[in-house]
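Text of protein-v3.cif, listed as mmCIF, C-alpha atoms:
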```cif
data_structure
loop_
_atom_site.label_atom_id
_atom_site.label_comp_id
_atom_site.auth_asym_id
_atom_site.auth_seq_id
_atom_site.Cartn_x
_atom_site.Cartn_y
_atom_site.Cartn_z
CA HIS A 47 17.66 -49.71 -70.18
CA GLY A 48 14.78 -52.02 -71.17
CA ARG A 49 14.22 -53.24 -67.63
CA SER A 50 14.62 -49.73 -66.28
CA GLY A 51 11.92 -48.51 -68.67
CA VAL A 52 9.56 -51.32 -67.64
CA PHE A 53 10.16 -50.50 -63.97
CA CYS A 54 9.43 -46.82 -64.62
CA ALA A 55 6.27 -47.66 -66.61
CA ALA A 56 5.09 -49.95 -63.80
CA TRP A 57 5.29 -47.07 -61.31
CA GLY A 58 3.43 -44.84 -63.77
CA ILE A 59 0.61 -47.37 -64.10
CA THR A 60 0.53 -47.85 -60.32
CA SER A 61 0.16 -44.10 -59.79
CA LEU A 62 -2.75 -43.93 -62.28
CA LEU A 63 -4.55 -46.86 -60.63
CA ALA A 64 -4.01 -45.35 -57.17
CA LEU A 65 -5.23 -41.99 -58.49
CA ALA A 66 -8.46 -43.60 -59.70
CA ALA A 67 -8.89 -45.42 -56.37
CA ALA A 68 -8.35 -42.26 -54.32
CA ALA A 69 -10.67 -40.22 -56.57
CA PHE A 70 -13.59 -42.66 -56.65
CA ARG A 71 -13.31 -44.39 -53.27
CA ASN A 72 -15.53 -43.26 -50.42
CA PRO A 73 -13.27 -41.06 -48.26
CA GLY A 74 -15.32 -41.94 -45.20
CA VAL A 75 -18.54 -39.92 -45.45
CA VAL A 76 -20.37 -39.61 -42.15
CA PRO A 77 -24.00 -40.71 -42.73
CA CYS A 78 -26.59 -38.00 -42.20
CA SER A 79 -29.13 -38.58 -39.47
CA GLY A 80 -32.89 -38.06 -39.56
CA ASP A 81 -32.62 -35.61 -36.66
CA LYS A 82 -34.58 -32.45 -37.47
CA ARG A 83 -32.67 -30.20 -35.06
CA THR A 84 -30.86 -27.33 -36.77
CA SER A 85 -28.58 -26.81 -33.80
CA ALA A 86 -27.51 -28.54 -30.63
CA PRO A 87 -25.12 -27.71 -27.79
CA ALA A 88 -21.61 -29.08 -28.02
CA ARG A 89 -20.84 -32.16 -25.97
CA PHE A 90 -17.57 -33.39 -24.55
CA VAL A 91 -16.01 -36.84 -24.57
CA LYS A 92 -12.82 -38.14 -22.98
CA VAL A 93 -10.13 -39.93 -24.98
CA ASN A 94 -7.13 -41.27 -23.08
CA GLY A 95 -7.82 -38.85 -20.25
CA ILE A 96 -8.14 -35.79 -22.52
CA GLU A 97 -11.51 -34.03 -22.87
CA LEU A 98 -12.42 -33.25 -26.47
CA LYS A 99 -15.25 -31.12 -27.84
CA GLN A 100 -17.75 -32.72 -30.21
CA SER A 101 -19.68 -30.18 -32.27
CA TRP A 102 -23.05 -30.47 -33.96
CA CYS A 103 -23.11 -30.25 -37.77
CA ASN A 104 -26.08 -28.20 -38.88
CA THR A 105 -25.91 -29.58 -42.43
CA CYS A 106 -25.51 -33.30 -41.75
CA ARG A 107 -27.59 -33.12 -38.54
CA VAL A 108 -25.13 -35.21 -36.55
CA TYR A 109 -22.56 -34.74 -33.84
CA ARG A 110 -19.34 -34.81 -35.79
CA PRO A 111 -17.28 -37.90 -34.91
CA LEU A 112 -13.91 -37.08 -33.39
CA ARG A 113 -11.31 -36.06 -36.00
CA SER A 114 -13.98 -35.54 -38.66
CA LYS A 115 -14.73 -32.26 -40.42
CA HIS A 116 -17.43 -30.88 -42.69
CA CYS A 117 -15.92 -30.26 -46.12
CA ALA A 118 -17.08 -26.96 -47.61
CA TYR A 119 -16.41 -28.22 -51.16
CA CYS A 120 -18.20 -31.58 -50.92
CA ASP A 121 -20.77 -30.40 -48.35
CA ARG A 122 -20.41 -33.48 -46.19
CA CYS A 123 -18.66 -34.60 -43.00
CA VAL A 124 -15.74 -36.96 -43.48
CA PHE A 125 -14.24 -39.39 -40.98
CA GLN A 126 -10.65 -38.49 -40.04
CA PHE A 127 -10.65 -35.64 -42.54
CA ASP A 128 -7.19 -34.87 -43.93
CA HIS A 129 -7.86 -32.30 -46.67
CA HIS A 130 -9.87 -31.69 -49.83
CA CYS A 131 -7.75 -32.48 -52.88
CA THR A 132 -8.68 -30.53 -56.00
CA TRP A 133 -6.52 -32.85 -58.13
CA LEU A 134 -8.67 -35.80 -57.05
CA GLY A 135 -11.93 -33.87 -56.95
CA ASN A 136 -12.54 -35.66 -53.67
CA CYS A 137 -11.84 -35.37 -49.97
CA VAL A 138 -8.95 -37.31 -48.51
CA GLY A 139 -10.09 -39.05 -45.36
CA LEU A 140 -9.99 -42.33 -43.52
CA GLY A 141 -11.38 -44.32 -46.46
CA ASN A 142 -8.92 -43.25 -49.16
CA TYR A 143 -5.88 -41.88 -47.30
CA ARG A 144 -3.77 -44.94 -48.10
CA SER A 145 -4.63 -44.66 -51.80
CA PHE A 146 -3.63 -40.99 -51.67
CA LEU A 147 -0.27 -41.88 -50.12
CA LEU A 148 0.31 -44.48 -52.84
CA VAL A 149 -0.46 -41.87 -55.53
CA VAL A 150 2.13 -39.51 -54.07
CA LEU A 151 4.78 -42.22 -53.63
CA ALA A 152 4.28 -43.91 -57.01
CA ALA A 153 4.15 -40.62 -58.92
CA ALA A 154 7.29 -39.37 -57.14
CA VAL A 155 9.21 -42.54 -58.06
CA PHE A 156 7.90 -42.41 -61.64
CA PHE A 157 8.93 -38.80 -62.25
CA GLY A 158 12.25 -39.22 -60.45
CA HIS A 159 13.09 -42.35 -62.41
CA SER A 160 12.00 -40.90 -65.74
CA ALA A 161 14.13 -37.79 -65.06
CA VAL A 162 17.17 -40.03 -64.48
CA ILE A 163 16.48 -42.03 -67.67
CA THR A 164 16.16 -38.81 -69.70
CA CYS A 165 19.39 -37.49 -68.17
CA LYS A 166 21.24 -40.69 -69.15
CA VAL A 167 19.91 -40.51 -72.71
CA LEU A 168 21.00 -36.87 -73.05
CA TRP A 169 24.42 -37.70 -71.58
CA ARG A 170 24.90 -40.45 -74.15
CA PHE A 171 23.74 -38.21 -77.01
CA PHE A 172 26.11 -35.49 -75.85
CA PHE A 173 29.19 -37.70 -76.04
CA GLN A 174 28.08 -39.33 -79.30
CA ALA A 175 27.52 -35.97 -80.96
CA ASP A 176 30.00 -34.41 -83.34
CA PRO A 177 32.67 -32.60 -81.25
CA LYS A 178 32.45 -29.71 -83.70
CA LEU A 179 28.75 -29.33 -82.92
CA ALA A 180 28.21 -26.25 -80.79
CA LEU A 181 26.77 -26.78 -77.32
CA ARG A 182 24.02 -24.33 -78.21
CA ARG A 183 22.95 -26.46 -81.18
CA PHE A 184 22.93 -29.56 -78.97
CA PHE A 185 20.55 -27.89 -76.53
CA ILE A 186 18.29 -26.71 -79.36
CA ALA A 187 18.21 -30.21 -80.88
CA ASN A 188 17.19 -31.74 -77.53
CA VAL A 189 15.08 -28.96 -76.05
CA GLY A 190 12.08 -31.26 -75.51
CA GLU A 191 14.11 -33.78 -73.51
CA LEU A 192 15.75 -31.02 -71.46
CA LEU A 193 12.41 -29.43 -70.62
CA TYR A 194 10.89 -32.76 -69.62
CA MET A 195 13.89 -33.65 -67.44
CA THR A 196 13.60 -30.31 -65.62
CA TYR A 197 9.81 -30.69 -65.25
CA ALA A 198 10.05 -34.30 -64.03
CA PHE A 199 12.74 -33.43 -61.47
CA ALA A 200 10.66 -30.50 -60.15
CA ILE A 201 7.58 -32.73 -59.79
CA PHE A 202 9.69 -35.43 -58.11
CA LEU A 203 11.04 -32.89 -55.64
CA GLY A 204 7.57 -31.52 -54.84
CA LEU A 205 5.98 -34.95 -54.40
CA GLY A 206 8.96 -36.19 -52.41
CA ILE A 207 8.60 -33.32 -49.95
CA LEU A 208 4.84 -33.95 -49.73
CA PHE A 209 5.39 -37.66 -49.02
CA LEU A 210 8.00 -36.84 -46.38
CA TYR A 211 5.56 -34.39 -44.76
CA HIS A 212 2.90 -37.09 -44.49
CA CYS A 213 5.43 -39.55 -43.07
CA ILE A 214 6.17 -37.00 -40.32
CA ILE A 215 2.55 -36.27 -39.40
CA ILE A 216 1.69 -39.99 -39.46
CA SER A 217 4.45 -40.58 -36.90
CA CYS A 218 2.61 -38.10 -34.62
CA ASN A 219 -0.85 -39.51 -35.51
CA LEU A 220 -2.02 -36.22 -37.01
CA THR A 221 -4.01 -35.35 -40.10
CA THR A 222 -3.09 -32.42 -42.34
CA ASN A 223 -6.15 -30.56 -41.02
CA GLU A 224 -5.12 -31.14 -37.40
CA HIS A 225 -1.50 -30.19 -38.03
CA VAL A 226 -2.24 -27.00 -39.98
CA ARG A 227 -4.79 -25.83 -37.43
CA ASP A 228 -2.64 -26.80 -34.40
CA TYR A 229 -5.73 -28.65 -33.25
CA TYR A 230 -4.27 -30.04 -30.00
CA LEU A 231 -2.06 -27.07 -29.14
CA HIS A 232 -4.37 -25.91 -26.35
CA LEU A 233 -4.38 -29.40 -24.83
CA GLU A 234 -1.60 -30.99 -22.84
CA ARG A 235 -1.04 -33.59 -25.62
CA ASN A 236 -2.54 -35.27 -28.66
CA PRO A 237 -4.84 -37.94 -27.16
CA PHE A 238 -4.51 -40.15 -30.27
CA ASP A 239 -0.71 -40.14 -30.32
CA LYS A 240 0.95 -43.43 -29.37
CA THR A 241 4.42 -44.68 -30.20
CA CYS A 242 5.74 -44.00 -33.70
CA MET A 243 5.38 -47.66 -34.69
CA GLU A 244 1.84 -47.92 -33.30
CA ASN A 245 0.85 -44.73 -35.13
CA TYR A 246 2.08 -46.12 -38.44
CA GLN A 247 0.36 -49.44 -37.79
CA GLN A 248 -2.94 -47.69 -37.01
CA VAL A 249 -2.87 -45.40 -40.05
CA LEU A 250 -1.51 -47.87 -42.61
CA CYS A 251 -2.72 -51.27 -41.39
CA SER A 252 -5.87 -50.90 -39.26
CA PRO A 253 -8.98 -52.20 -41.06
CA TYR A 254 -12.01 -50.05 -41.82
CA ASP A 255 -15.38 -50.82 -43.38
CA ARG A 256 -16.53 -49.77 -46.84
CA ASN A 257 -18.05 -46.59 -45.41
CA GLY A 258 -14.58 -45.53 -44.32
CA ARG A 259 -15.17 -46.08 -40.62
CA ALA A 260 -12.56 -47.72 -38.44
CA VAL A 261 -13.34 -51.27 -37.42
CA VAL A 262 -12.92 -51.65 -33.67
#
```
Structure encoded using structure tokens:
Amino acid sequence: HGRSGVFCAAWGITSLLALAAAAFRNPGVVPCSGDKRTSAPARFVKVNGIELKQSWCNTCRVYRPLRSKHCAYCDRCVFQFDHHCTWLGNCVGLGNYRSFLLVVLAAAVFFGHSAVITCKVLWRFFFQADPKLALRRFFIANVGELLYMTYAFAIFLGLGILFLYHCIIISCNLTTNEHVRDYYLHLERNPFDKTCMENYQQVLCSPYDRNGRAVV
């Protein structure tokens, strides 16, 4: 049980460190230009044979890079925008997406593991208790542990589903924003989609600079 507790605590610490990294790291803010135009016509660029529209951002005064979006909460354009996370108080984009994934994974393992540990402790207490003790009294005596176990399992389930969702959209080389909006539905295919392995390699292993931009 000692080693199991240390393992669980290690995942808890990892999730807190990843949370801080995701919250304070630059998500990939697109630098504003000195252009004084308030509007400009859209332009089109081709990626892997597919023509994509590139819109002008009136606030940042730049043509939005492909896959970027202007966040209404942060009032800035973000490279490869995924979503704005209220829990982080920050956008999730190219620069901190990996940290966000680590938060979700580490927190899911922590809550799942702590739920199992609590369940084992309650199981042991149940069989060590006086047989004459009513089941109702046992539940009352351990109401805190029972509530935490239920809470931890629910959080584990929610985070597990969220992590699985991101694993699926990564395999298709999509962001949450692109998936929810069916961004490439009107096109014949997603121009950024490669093989499943190449998509994972690009999202999880490709380098980017400290401004959150991909290094080519």
Check: In Å to one decimal, how far is CA of Gly190 in chain A from CA of Phe171 in chain A?
Finding: 13.7 Å
Checklist line | Straight-line distance linking CA of Leu98 in chain A with CA of Ile216 in chain A, stated in Å to one decimal | finding: 20.3 Å
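We find CA of Gly206 in chain A and CA of Tyr246 in chain A to be spaced 18.5 Å apart.
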Checklist line | Residues matched by the PyMOL selection byres ((chain A and resi 83) around 12), written as a PyMOL selection string | finding: chain A and resi 79-82+84-87+102-109
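The shortest atom-to-atom distance to Leu220 in chain A, with all atoms listed in the file taken into account, belongs to A:Arg113 out of A:Lys92, A:Lys166, A:Lys99, A:Arg113.
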Next item on the list: Go through A:Gly139, A:Gly95, A:Gly158, A:Gly204 one by one, measure the shortest atom-to-atom distance of each to Pro237 in chain A using all atoms listed in the file, and give the residue with the smallest value.
Entry: A:Gly95
Item checked: For Asn72 in chain A, the nearest of the candidates A:Ile96, A:Thr60, A:Arg89, A:Cys137, counting only C-alpha atoms ->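 Among A:Ile96, A:Thr60, A:Arg89, A:Cys137, it is A:Cys137 that comes nearest to Asn72 in chain A.
The residues returned by the PyMOL selection byres ((chain A and resi 56) around 12) on the shown structure are Arg49, Ser50, Gly51, Val52, Phe53, Cys54, Ala55, Trp57, Gly58, Ile59, Thr60, Ser61, Leu62, Leu63, Ala152, Ala153, Val155, Phe156, Phe157, His159 and Ser160 of chain A.
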